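Engineer: Contents of entry19.cif (mmCIF, C-alpha atoms) are given next:
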```cif
data_structure
#
loop_
_atom_site.label_atom_id
_atom_site.label_comp_id
_atom_site.auth_asym_id
_atom_site.auth_seq_id
_atom_site.Cartn_x
_atom_site.Cartn_y
_atom_site.Cartn_z
CA MET A 4 -2.97 -2.71 29.86
CA ALA A 5 -2.70 -4.80 26.70
CA SER A 6 0.70 -5.14 25.04
CA LEU A 7 1.60 -5.87 21.45
CA ALA A 8 2.89 -9.40 20.87
CA LEU A 9 4.27 -10.40 17.47
CA THR A 10 4.44 -14.15 16.86
CA SER A 11 6.36 -16.25 14.38
CA PRO A 12 5.19 -16.19 10.74
CA PRO A 13 2.22 -18.44 9.93
CA ALA A 14 2.21 -20.93 7.09
CA VAL A 15 1.37 -19.20 3.83
CA LYS A 16 -0.52 -20.65 0.82
CA VAL A 17 0.44 -19.55 -2.68
CA PRO A 18 -2.64 -18.39 -4.62
CA SER A 19 -3.44 -20.13 -7.88
CA TYR A 20 -3.05 -17.03 -10.02
CA LEU A 21 0.64 -16.72 -9.16
CA ALA A 22 1.26 -19.70 -11.47
CA SER A 23 -0.57 -18.05 -14.36
CA THR A 24 1.33 -16.65 -17.29
CA SER A 25 1.19 -13.01 -18.23
CA SER A 26 -1.28 -11.81 -20.81
CA SER A 27 -0.69 -9.26 -23.53
CA LEU A 28 -1.50 -6.41 -21.18
CA PHE A 29 2.12 -5.24 -21.14
CA SER A 30 4.18 -4.33 -24.16
CA ARG A 31 7.31 -5.92 -22.69
CA SER A 32 10.08 -7.75 -24.41
CA SER A 33 9.52 -10.66 -22.06
CA SER A 34 6.37 -11.58 -20.18
CA ILE A 35 6.11 -11.77 -16.43
CA SER A 36 5.43 -15.14 -14.88
CA PHE A 37 4.83 -15.80 -11.23
CA SER A 38 5.65 -19.30 -10.08
CA ALA A 39 4.62 -20.92 -6.85
CA ILE A 40 7.98 -21.26 -5.15
CA GLU A 41 9.06 -20.86 -1.58
CA SER A 42 10.04 -17.51 -0.08
CA PRO A 43 13.34 -17.42 1.83
CA CYS A 44 13.60 -15.80 5.20
CA VAL A 45 16.52 -15.63 7.57
CA SER A 46 16.66 -15.79 11.35
CA ASN A 47 20.09 -15.87 13.02
CA SER A 48 21.70 -16.88 9.71
CA ALA A 49 19.58 -20.06 9.49
CA LYS A 50 17.34 -20.37 6.43
CA CYS A 51 13.75 -21.40 6.65
CA ASN A 52 11.14 -21.93 3.95
CA LEU A 53 7.62 -20.59 3.84
CA ALA A 54 5.74 -23.41 2.17
CA LYS A 55 2.35 -21.75 1.91
CA ALA A 56 0.97 -18.21 1.46
CA LEU A 57 -1.75 -16.43 3.32
CA ASN A 58 -5.22 -17.17 2.02
CA VAL A 59 -7.77 -14.84 3.49
CA GLY A 60 -11.47 -14.22 3.08
CA ASN A 61 -14.04 -15.73 0.84
CA GLY A 62 -13.73 -16.38 -2.86
CA ASN A 63 -10.33 -15.40 -4.23
CA ALA A 64 -9.23 -12.88 -1.61
CA SER A 65 -5.54 -13.53 -1.11
CA ILE A 66 -2.16 -12.02 -0.23
CA PRO A 67 0.49 -13.20 -2.70
CA ILE A 68 4.10 -13.39 -1.60
CA ILE A 69 6.75 -12.54 -4.21
CA ASN A 70 10.26 -13.71 -3.52
CA GLY A 71 13.65 -12.69 -4.86
CA THR A 72 13.69 -15.10 -7.79
CA THR A 73 10.29 -14.06 -9.13
CA LEU A 74 10.56 -10.33 -8.80
CA PRO A 75 8.74 -8.46 -11.59
CA LYS A 76 10.33 -6.01 -14.01
CA TYR A 77 10.16 -2.99 -11.70
CA PHE A 78 12.64 -4.81 -9.41
CA ASP A 79 15.13 -5.22 -12.26
CA SER A 80 18.43 -6.22 -10.67
CA SER A 81 20.36 -4.25 -13.30
CA SER A 82 19.25 -1.04 -11.62
CA SER A 83 20.78 -2.05 -8.31
CA SER A 84 23.13 -4.71 -7.06
CA ARG A 85 21.02 -4.96 -3.90
CA LEU A 86 18.81 -7.71 -5.33
CA GLU A 87 21.81 -9.81 -6.29
CA LYS A 88 22.97 -10.09 -2.70
CA PRO A 89 21.73 -13.02 -0.65
CA VAL A 90 19.39 -12.13 2.18
CA SER A 91 21.83 -13.53 4.72
CA SER A 92 24.39 -10.86 3.79
CA ARG A 93 21.98 -8.18 4.95
CA ALA A 94 21.48 -9.54 8.44
CA ASN A 95 24.41 -7.85 10.17
CA THR A 96 23.44 -4.20 9.70
CA LYS A 97 22.58 -1.26 11.86
CA LEU A 98 19.06 -1.31 10.47
CA LYS A 99 16.17 -1.83 12.91
CA LEU A 100 12.56 -2.46 11.91
CA PHE A 101 9.74 -1.93 14.40
CA SER A 102 6.00 -2.36 14.03
CA GLY A 103 3.14 -0.45 15.56
CA THR A 104 -0.21 -2.06 16.32
CA ALA A 105 -2.02 -0.75 13.21
CA ASN A 106 -0.86 -3.42 10.71
CA PRO A 107 1.52 -5.94 12.31
CA ALA A 108 0.87 -8.53 9.57
CA LEU A 109 2.32 -6.23 6.89
CA SER A 110 5.29 -5.41 9.14
CA GLN A 111 6.00 -9.12 9.59
CA GLU A 112 5.88 -9.70 5.82
CA ILE A 113 8.32 -6.84 5.27
CA ALA A 114 10.67 -8.36 7.84
CA TRP A 115 10.46 -11.77 6.11
CA TYR A 116 11.42 -10.22 2.78
CA MET A 117 14.30 -8.29 4.32
CA GLY A 118 15.61 -11.28 6.27
CA LEU A 119 15.32 -9.41 9.56
CA GLU A 120 13.56 -9.94 12.85
CA LEU A 121 11.10 -7.27 13.93
CA GLY A 122 12.49 -5.20 16.77
CA LYS A 123 11.19 -5.86 20.27
CA ILE A 124 8.83 -3.12 21.41
CA SER A 125 6.21 -2.82 24.13
CA ILE A 126 3.11 -0.79 23.24
CA LYS A 127 0.42 -0.51 25.90
CA ARG A 128 -2.76 1.42 26.64
CA PHE A 129 -3.45 2.79 30.08
CA ALA A 130 -6.98 2.56 31.45
CA ASP A 131 -7.70 6.13 30.34
CA GLY A 132 -6.48 5.44 26.77
CA GLU A 133 -3.00 6.93 27.01
CA VAL A 134 -0.36 5.22 24.86
CA TYR A 135 2.83 3.87 26.43
CA VAL A 136 5.79 2.85 24.26
CA GLN A 137 9.08 1.29 25.34
CA LEU A 138 11.77 -0.09 23.03
CA GLN A 139 13.05 -3.36 24.46
CA GLU A 140 16.35 -3.40 22.61
CA SER A 141 19.08 -0.86 21.95
CA VAL A 142 18.80 1.38 18.89
CA ARG A 143 21.77 3.62 19.67
CA GLY A 144 23.40 4.67 16.41
CA CYS A 145 20.92 2.62 14.35
CA ASP A 146 18.88 3.44 11.26
CA VAL A 147 15.34 2.81 12.57
CA PHE A 148 12.22 2.25 10.46
CA LEU A 149 8.80 2.38 12.12
CA VAL A 150 5.93 0.76 10.19
CA GLN A 151 2.60 2.29 11.16
CA PRO A 152 -0.26 3.27 8.83
CA THR A 153 -2.51 5.94 10.33
CA CYS A 154 -5.72 4.04 9.64
CA THR A 155 -8.81 3.44 11.79
CA PRO A 156 -8.74 4.36 14.63
CA THR A 157 -6.85 7.18 12.94
CA ASN A 158 -6.12 9.42 15.90
CA GLU A 159 -4.91 6.57 18.14
CA ASN A 160 -2.62 5.14 15.47
CA LEU A 161 -1.25 8.58 14.66
CA MET A 162 -0.52 9.26 18.33
CA GLU A 163 1.12 5.85 18.64
CA LEU A 164 3.39 6.66 15.69
CA LEU A 165 4.41 10.00 17.22
CA ILE A 166 5.27 8.38 20.54
CA MET A 167 7.24 5.61 18.79
CA VAL A 168 9.26 8.25 16.94
CA ASP A 169 9.88 10.11 20.21
CA ALA A 170 11.00 6.91 21.94
CA CYS A 171 13.53 6.20 19.18
CA ARG A 172 14.85 9.74 19.23
CA ARG A 173 15.33 9.65 23.01
CA ALA A 174 17.05 6.25 22.68
CA SER A 175 19.76 7.88 20.50
CA ALA A 176 18.76 6.37 17.17
CA LYS A 177 20.93 7.74 14.39
CA LYS A 178 18.02 8.16 11.94
CA VAL A 179 14.29 7.56 12.31
CA THR A 180 12.10 6.88 9.27
CA ALA A 181 8.32 6.78 9.63
CA VAL A 182 7.01 4.14 7.18
CA ILE A 183 3.38 5.14 6.65
CA PRO A 184 1.74 2.80 4.12
CA TYR A 185 -1.48 4.80 4.48
CA PHE A 186 -1.23 8.48 5.39
CA GLY A 187 -4.37 9.57 7.20
CA TYR A 188 -5.73 13.11 6.84
CA ALA A 189 -4.28 13.24 3.31
CA ARG A 190 -7.66 14.28 1.88
CA ALA A 191 -7.60 17.52 3.86
CA ASP A 192 -4.80 18.87 1.68
CA ARG A 193 -6.20 22.25 0.61
CA LYS A 194 -8.88 24.82 1.35
CA THR A 195 -11.91 24.38 -0.88
CA GLN A 196 -14.15 26.57 1.30
CA GLY A 197 -13.66 29.32 3.81
CA ARG A 198 -12.57 28.57 7.36
CA GLU A 199 -11.34 25.04 6.60
CA SER A 200 -8.25 23.47 8.14
CA ILE A 201 -5.46 21.88 6.13
CA ALA A 202 -5.04 18.86 8.38
CA ALA A 203 -2.49 17.17 6.11
CA LYS A 204 -0.02 19.99 6.83
CA LEU A 205 -0.73 19.82 10.56
CA VAL A 206 -0.07 16.08 10.69
CA ALA A 207 3.12 16.53 8.66
CA ASN A 208 4.30 19.10 11.22
CA LEU A 209 3.49 16.73 14.10
CA ILE A 210 5.54 13.91 12.59
CA THR A 211 8.45 16.25 11.91
CA GLU A 212 8.40 17.79 15.38
CA ALA A 213 8.21 14.34 17.00
CA GLY A 214 11.70 13.71 15.60
CA ALA A 215 11.30 11.79 12.34
CA ASP A 216 14.16 12.31 9.87
CA ARG A 217 12.32 10.89 6.85
CA VAL A 218 8.89 9.65 5.79
CA LEU A 219 8.16 6.74 3.47
CA ALA A 220 4.53 6.75 2.28
CA CYS A 221 2.47 4.83 -0.27
CA ASP A 222 0.22 6.45 -2.87
CA LEU A 223 -0.55 9.76 -1.21
CA HIS A 224 -3.97 11.17 -2.04
CA SER A 225 -2.27 14.08 -3.78
CA GLY A 226 1.37 14.65 -4.58
CA GLN A 227 1.33 18.09 -2.99
CA SER A 228 1.22 16.44 0.45
CA MET A 229 4.95 15.71 0.07
CA GLY A 230 5.56 19.45 0.15
CA TYR A 231 3.92 19.73 3.56
CA PHE A 232 6.86 17.92 5.18
CA ASP A 233 10.04 19.76 6.07
CA ILE A 234 11.91 16.45 5.90
CA PRO A 235 12.57 14.14 2.91
CA VAL A 236 9.62 12.05 1.71
CA ASP A 237 9.95 8.87 -0.36
CA HIS A 238 6.71 8.34 -2.27
CA VAL A 239 6.15 4.65 -3.10
CA TYR A 240 3.76 3.84 -5.94
CA CYS A 241 1.92 0.53 -5.52
CA GLN A 242 0.61 0.44 -9.10
CA PRO A 243 3.29 -2.05 -10.26
CA VAL A 244 1.93 -4.67 -7.85
CA ILE A 245 -1.59 -4.29 -9.28
CA LEU A 246 -0.30 -4.15 -12.85
CA ASP A 247 1.57 -7.42 -12.47
CA TYR A 248 -1.54 -9.07 -11.09
CA LEU A 249 -3.60 -7.82 -14.02
CA ALA A 250 -0.92 -9.20 -16.34
CA SER A 251 -1.73 -12.68 -15.05
CA LYS A 252 -5.35 -12.38 -16.17
CA SER A 253 -6.47 -13.44 -19.65
CA ILE A 254 -7.66 -10.05 -20.85
CA SER A 255 -6.69 -8.80 -24.29
CA SER A 256 -5.10 -5.36 -24.30
CA GLU A 257 -7.42 -4.39 -27.17
CA ASP A 258 -10.44 -4.89 -24.90
CA LEU A 259 -9.13 -2.73 -22.06
CA VAL A 260 -10.03 0.81 -21.12
CA VAL A 261 -8.73 2.53 -17.98
CA VAL A 262 -11.27 4.71 -16.18
CA SER A 263 -10.64 7.55 -13.77
CA PRO A 264 -13.55 7.80 -11.29
CA ASP A 265 -13.15 11.59 -11.14
CA VAL A 266 -11.31 14.42 -12.83
CA GLY A 267 -8.81 14.69 -9.96
CA GLY A 268 -7.53 11.16 -10.61
CA VAL A 269 -6.83 11.62 -14.33
CA ALA A 270 -3.03 11.80 -13.90
CA ARG A 271 -3.04 8.58 -11.86
CA ALA A 272 -5.25 6.79 -14.41
CA ARG A 273 -3.18 8.06 -17.35
CA ALA A 274 0.03 6.69 -15.81
CA PHE A 275 -1.75 3.39 -15.18
CA ALA A 276 -3.06 3.24 -18.77
CA LYS A 277 0.38 3.98 -20.21
CA LYS A 278 1.78 0.86 -18.55
CA LEU A 279 -1.12 -1.19 -19.89
CA SER A 280 0.15 -0.93 -23.46
CA ASP A 281 -1.18 2.64 -23.72
CA ALA A 282 -4.77 1.54 -23.13
CA PRO A 283 -7.44 4.17 -23.89
CA LEU A 284 -8.64 6.43 -21.09
CA ALA A 285 -12.15 7.34 -19.94
CA ILE A 286 -13.18 9.81 -17.24
CA VAL A 287 -16.24 9.85 -15.00
CA ASP A 288 -17.49 13.40 -14.44
CA LYS A 289 -18.41 13.43 -10.76
CA ARG A 290 -20.05 16.17 -8.75
CA ARG A 291 -19.67 15.90 -4.98
CA HIS A 292 -22.21 17.62 -2.75
CA GLY A 293 -20.53 16.77 0.54
CA HIS A 294 -17.93 14.53 2.19
CA ASN A 295 -18.49 10.84 1.32
CA VAL A 296 -21.40 11.86 -0.94
CA ALA A 297 -20.87 11.59 -4.70
CA GLU A 298 -23.19 12.04 -7.66
CA VAL A 299 -22.11 10.80 -11.09
CA MET A 300 -23.12 13.02 -13.98
CA ASN A 301 -21.68 11.64 -17.23
CA LEU A 302 -18.85 9.73 -18.91
CA ILE A 303 -16.09 11.10 -21.11
CA GLY A 304 -14.79 8.36 -23.41
CA ASP A 305 -15.93 5.11 -25.01
CA VAL A 306 -16.31 1.90 -22.98
CA LYS A 307 -18.86 0.02 -25.09
CA GLY A 308 -18.03 -3.70 -25.25
CA LYS A 309 -14.79 -3.20 -23.30
CA VAL A 310 -13.35 -4.33 -19.98
CA ALA A 311 -13.21 -1.20 -17.81
CA VAL A 312 -10.54 -0.92 -15.11
CA MET A 313 -11.33 1.83 -12.60
CA VAL A 314 -8.25 3.17 -10.82
CA ASP A 315 -8.25 5.15 -7.58
CA ASP A 316 -5.96 5.65 -4.59
CA MET A 317 -8.51 4.51 -1.99
CA ILE A 318 -11.98 3.09 -1.49
CA ASP A 319 -13.68 4.59 1.54
CA THR A 320 -17.48 4.28 1.47
CA ALA A 321 -17.32 3.06 -2.17
CA GLY A 322 -19.92 5.57 -3.34
CA THR A 323 -17.69 6.91 -6.11
CA ILE A 324 -16.60 3.47 -7.35
CA VAL A 325 -20.07 1.89 -7.35
CA LYS A 326 -21.84 4.81 -9.01
CA GLY A 327 -19.07 4.94 -11.58
CA ALA A 328 -19.43 1.19 -12.20
CA ALA A 329 -23.19 1.58 -12.68
CA LEU A 330 -22.58 4.32 -15.24
CA LEU A 331 -20.02 2.19 -17.08
CA HIS A 332 -22.49 -0.68 -17.36
CA GLU A 333 -25.12 1.74 -18.68
CA GLU A 334 -22.62 2.86 -21.33
CA GLY A 335 -22.08 -0.74 -22.47
CA ALA A 336 -18.98 -1.91 -20.58
CA ARG A 337 -18.67 -5.71 -20.62
CA GLU A 338 -16.93 -6.02 -17.24
CA VAL A 339 -15.80 -3.54 -14.59
CA TYR A 340 -12.77 -4.01 -12.32
CA ALA A 341 -11.95 -1.69 -9.42
CA CYS A 342 -8.28 -1.22 -8.48
CA CYS A 343 -7.09 0.82 -5.52
CA THR A 344 -4.19 0.89 -3.09
CA HIS A 345 -5.90 1.65 0.21
CA ALA A 346 -8.92 -0.43 1.30
CA VAL A 347 -10.43 1.91 3.89
CA PHE A 348 -13.85 0.22 3.57
CA SER A 349 -16.00 2.44 5.78
CA PRO A 350 -19.69 1.36 6.03
CA PRO A 351 -21.59 0.78 3.78
CA ALA A 352 -18.67 -0.01 1.44
CA ILE A 353 -18.91 -3.80 1.67
CA GLU A 354 -22.62 -3.89 0.79
CA ARG A 355 -21.99 -1.64 -2.20
CA LEU A 356 -18.91 -3.47 -3.48
CA SER A 357 -20.50 -6.91 -3.21
CA SER A 358 -23.68 -5.87 -5.04
CA GLY A 359 -22.55 -7.50 -8.31
CA LEU A 360 -21.64 -4.39 -10.31
CA LEU A 361 -17.92 -5.17 -10.07
CA GLN A 362 -16.25 -8.24 -11.53
CA GLU A 363 -13.37 -7.91 -9.06
CA VAL A 364 -12.16 -5.45 -6.43
CA ILE A 365 -8.34 -5.43 -6.31
CA VAL A 366 -6.69 -3.76 -3.31
CA THR A 367 -3.39 -3.97 -1.44
CA ASN A 368 -2.61 -4.69 2.20
CA THR A 369 -1.37 -1.20 3.11
CA LEU A 370 -4.35 -1.32 5.47
CA PRO A 371 -5.49 -4.40 7.37
CA VAL A 372 -8.81 -5.73 6.01
CA ALA A 373 -10.98 -7.16 8.77
CA GLU A 374 -12.31 -10.66 8.20
CA LYS A 375 -15.88 -9.38 8.40
CA ASN A 376 -15.14 -7.23 5.33
CA TYR A 377 -14.20 -10.12 3.03
CA PHE A 378 -16.46 -10.76 0.06
CA PRO A 379 -16.15 -13.05 -2.99
CA GLN A 380 -15.00 -10.34 -5.44
CA LEU A 381 -12.18 -9.14 -3.17
CA THR A 382 -8.50 -9.71 -4.02
CA ILE A 383 -5.77 -8.44 -1.70
CA LEU A 384 -2.21 -8.02 -3.02
CA SER A 385 0.85 -7.66 -0.83
CA VAL A 386 3.13 -4.61 -1.04
CA ALA A 387 5.54 -6.04 1.54
CA ASN A 388 8.34 -6.78 -0.93
CA LEU A 389 7.97 -3.37 -2.55
CA LEU A 390 8.26 -1.65 0.83
CA GLY A 391 11.06 -3.95 1.95
CA GLU A 392 13.14 -3.18 -1.14
CA THR A 393 12.48 0.54 -0.70
CA ILE A 394 13.61 0.39 2.93
CA TRP A 395 16.85 -1.32 1.92
CA ARG A 396 17.53 1.33 -0.71
CA VAL A 397 16.84 4.18 1.72
CA HIS A 398 19.17 2.54 4.23
CA ASP A 399 21.88 2.13 1.58
CA ASP A 400 21.42 5.67 0.22
CA SER A 401 20.66 4.29 -3.23
CA SER A 402 17.97 5.23 -5.75
CA VAL A 403 14.32 4.61 -4.91
CA SER A 404 12.80 6.07 -8.07
CA SER A 405 14.66 3.52 -10.22
CA ILE A 406 12.33 0.83 -8.82
CA PHE A 407 9.46 2.31 -10.80
CA LEU A 408 11.26 2.93 -14.12
#
```
Once you've parsed the file, please lay out its structure as structure tokens.

Structural biologist:
Amino acid sequence: MASLALTSPPAVKVPSYLASTSSSLFSRSSSISFSAIESPCVSNSAKCNLAKALNVGNGNASIPIINGTTLPKYFDSSSSSRLEKPVSSRANTKLKLFSGTANPALSQEIAWYMGLELGKISIKRFADGEVYVQLQESVRGCDVFLVQPTCTPTNENLMELLIMVDACRRASAKKVTAVIPYFGYARADRKTQGRESIAAKLVANLITEAGADRVLACDLHSGQSMGYFDIPVDHVYCQPVILDYLASKSISSEDLVVVSPDVGGVARARAFAKKLSDAPLAIVDKRRHGHNVAEVMNLIGDVKGKVAVMVDDMIDTAGTIVKGAALLHEEGAREVYACCTHAVFSPPAIERLSSGLLQEVIVTNTLPVAEKNYFPQLTILSVANLLGETIWRVHDDSSVSSIFL
């Protein structure tokens, strides 16, 4: 049986673009500027400094770390006094943070931001594949947050989350929140043909029945999935992280056009375009003949001579993104960027994304990206601070939606 072992944080290297100034992408009264400064973390009330940030993959693939003094506008301290408090003042709480095995690196980053130590937990696999979970510290009367995306292998990680929730409930935790950066089965959210299952509802029922009091999820495939839960759901939007990265690039707002890769993503793309100084919107008309099979038909909108930014919630096999990028180039787009929250990257996604059609592929670390899947155009942004701040606000019973105003 193999157990989960979480080690101390590695040295992290600040990417070069964090020192870049913001471009005119945002119509803000003051521009956003990321500076390469050290991130504070607290362990037993003793401060330590992270001198370098994670640098992963080939080319410019990187995970930027944002600390309390360089928080972008959507973390405006005027909306909450939480950001004005030193991290050390948060250490003595009844909040416990535990990580599953799906994405321990993200869990560790969240803990660094929050100034907490990850809770001690033993997660093992028996020889026949059964999951064994034991909490190795008391959670009686505590507000417990379990970080576990239900990514590949989806069923194993989902089962691990359910057993973690059950362990906390049986250990007399006061409240249990399932932090699911990537919610698997979200695409099976409705019946499009006869005799289909709605797996998103089934998984929501499983999490609820396991004993979770609340769910915190990032960029659900469709907003209706929140209604499948009989418990409160906090929906975290990761667009601000991508928007602030785009603000550091020297692209004129007049040259930008935001593109939705399909009709279903128009609302997401429109919200994205609105925050990019009301950039124009284009839509790719896509006809899908089967799961993971997409055929692009035509383009609605003008992209000639412009920098096209394609926005989606996930990239799975990359068929939609790549065919859309090819169409945009045919219609005269100067450059094409792909932005998504969840980097699922099922084969043959890497071959398609690295084919040269895309100037840059911008994703977040809600899912772990295997080293074999790095390619020169890949950029990975961290959502750890966004999730950490949301967890604090949930714990304090303060507003979460004000983060995104």

Engineer: List, as a PyMOL selection string, every residue that the PyMOL selection byres ((chain A and resi 132-142) around 10) selects in the file provided.

Structural biologist: chain A and resi 4+6+97-99+101+103+122-131+143-147+159-160+162-164+166-178

Engineer: When the PyMOL selection byres ((chain A and resi 334) around 10) is applied to the structure above, which residues does it catch, written out as number ranges by chain?

Structural biologist: A: 301-302, 304-308, 328-333, 335-337

Engineer: What is the distance between atom CA of A:Met117 and atom CA of A:Ile394, in Å to one decimal?

Structural biologist: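 Computing the Euclidean distance for atom CA of A:Met117 and atom CA of A:Ile394 yields 8.8 Å.
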
Engineer: Write out as CSV a residue-level contact list of stretch 154-266 of chain A versus stretch 275-287 of chain A with cut-off 9 Å: for each qualifying residue the closest pair of atoms and the distance in Å to one decimal, counting all atoms listed in the file, rows sorted by chain and residue number upward.

Structural biologist:
```
residue,atom,partner,partner_atom,distance
A:Gln242,CA,A:Phe275,CA,7.2
A:Pro243,CA,A:Phe275,CA,8.9
A:Leu246,CA,A:Leu279,CA,7.7
A:Ala250,CA,A:Leu279,CA,8.8
A:Ser256,CA,A:Ser280,CA,6.9
A:Glu257,CA,A:Ala282,CA,7.6
A:Asp258,CA,A:Ala282,CA,8.8
A:Leu259,CA,A:Ala282,CA,6.2
A:Val260,CA,A:Pro283,CA,5.1
A:Val261,CA,A:Leu284,CA,5.0
A:Val262,CA,A:Ala285,CA,4.7
A:Ser263,CA,A:Ile286,CA,4.9
A:Pro264,CA,A:Val287,CA,5.0
A:Asp265,CA,A:Val287,CA,5.2
A:Val266,CA,A:Ile286,CA,6.6
```

Engineer: If you measure from atom CA of A:Tyr116 to atom CA of A:Glu392, what distance in Å do you get, rounded to one decimal?

Structural biologist: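 Pair atom CA of A:Tyr116 / atom CA of A:Glu392 returns 8.2 Å.
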
Engineer: Could you list, as JSON, numbers by chain, every residue matched by the PyMOL selection byres ((chain A and resi 342) around 8) in this structure?

Structural biologist: {"A": [245, 312, 313, 314, 315, 340, 341, 343, 344, 364, 365, 366]}

Engineer: I want to know what sits within 8 Å of stretch 188-191 of chain A, based on all atoms listed in the file, with residues of the same chain fewer than 6 positions away left out; could you give that as a list in words?

Structural biologist: Ser200, Ile201, Ala202, Ala203, Val206, Leu223, His224, Ser225 and Ser228 of chain A

Engineer: One decimal, Å: what's the distance from atom CA of A:Glu363 over to atom CA of A:Ser251, could you say?

Structural biologist: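 Computed distance, atom CA of A:Glu363 to atom CA of A:Ser251, equals 13.9 Å.
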
Engineer: My list of candidates is A:Leu205, A:Met300, A:Ala272, A:Leu370. Which is closest to A:Asp319 when distances are computed with all atoms listed in the file?

Structural biologist: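 Looking at the shortest contact to A:Asp319, the residue is A:Leu370.
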
Engineer: Which protein, DNA or RNA residues are at most 10 Å from (7.3, 11.0, 3.6) in the file's coordinates when you count all atoms listed in the file, listed as a list of chain:residue names?

Structural biologist: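 Collected hits near the coordinates: A:Thr180, A:Ala181, A:Val182, A:Ile183, A:Pro184, A:Phe186, A:Ala207, A:Ile210, A:Thr211, A:Ala215, A:Asp216, A:Arg217, A:Val218, A:Leu219, A:Ala220, A:Cys221, A:Leu223, A:Ser228, A:Met229, A:Gly230, A:Tyr231, A:Phe232, A:Asp233, A:Ile234, A:Pro235, A:Val236, A:Asp237, A:His238, A:Val239.
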
Engineer: Name the closest residue to A:Ile254 among the candidates A:Val403, A:Val310, A:Ala352, A:Ala114; distances are taken between atoms, counting only C-alpha atoms.

Structural biologist: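 For A:Ile254, the nearest of the given residues is A:Val310.
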
Engineer: Please, what is the axis-aligned box for every listed atom of stretch 120-129 of chain A with 6 Å on each side, as centre and edge lengths in Å to one decimal, as lines of an AutoDock Vina configuration file?

Structural biologist:
```
center_x = 5.1
center_y = -3.6
center_z = 21.5
size_x = 29.0
size_y = 24.7
size_z = 29.2
```

Engineer: A:Val179, A:Ala373, A:Ile113, A:Cys154: which is nearest A:Leu390, counting only C-alpha atoms?

Structural biologist: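 Looking only at the distances to A:Leu390, the closest residue turns out to be A:Ile113.
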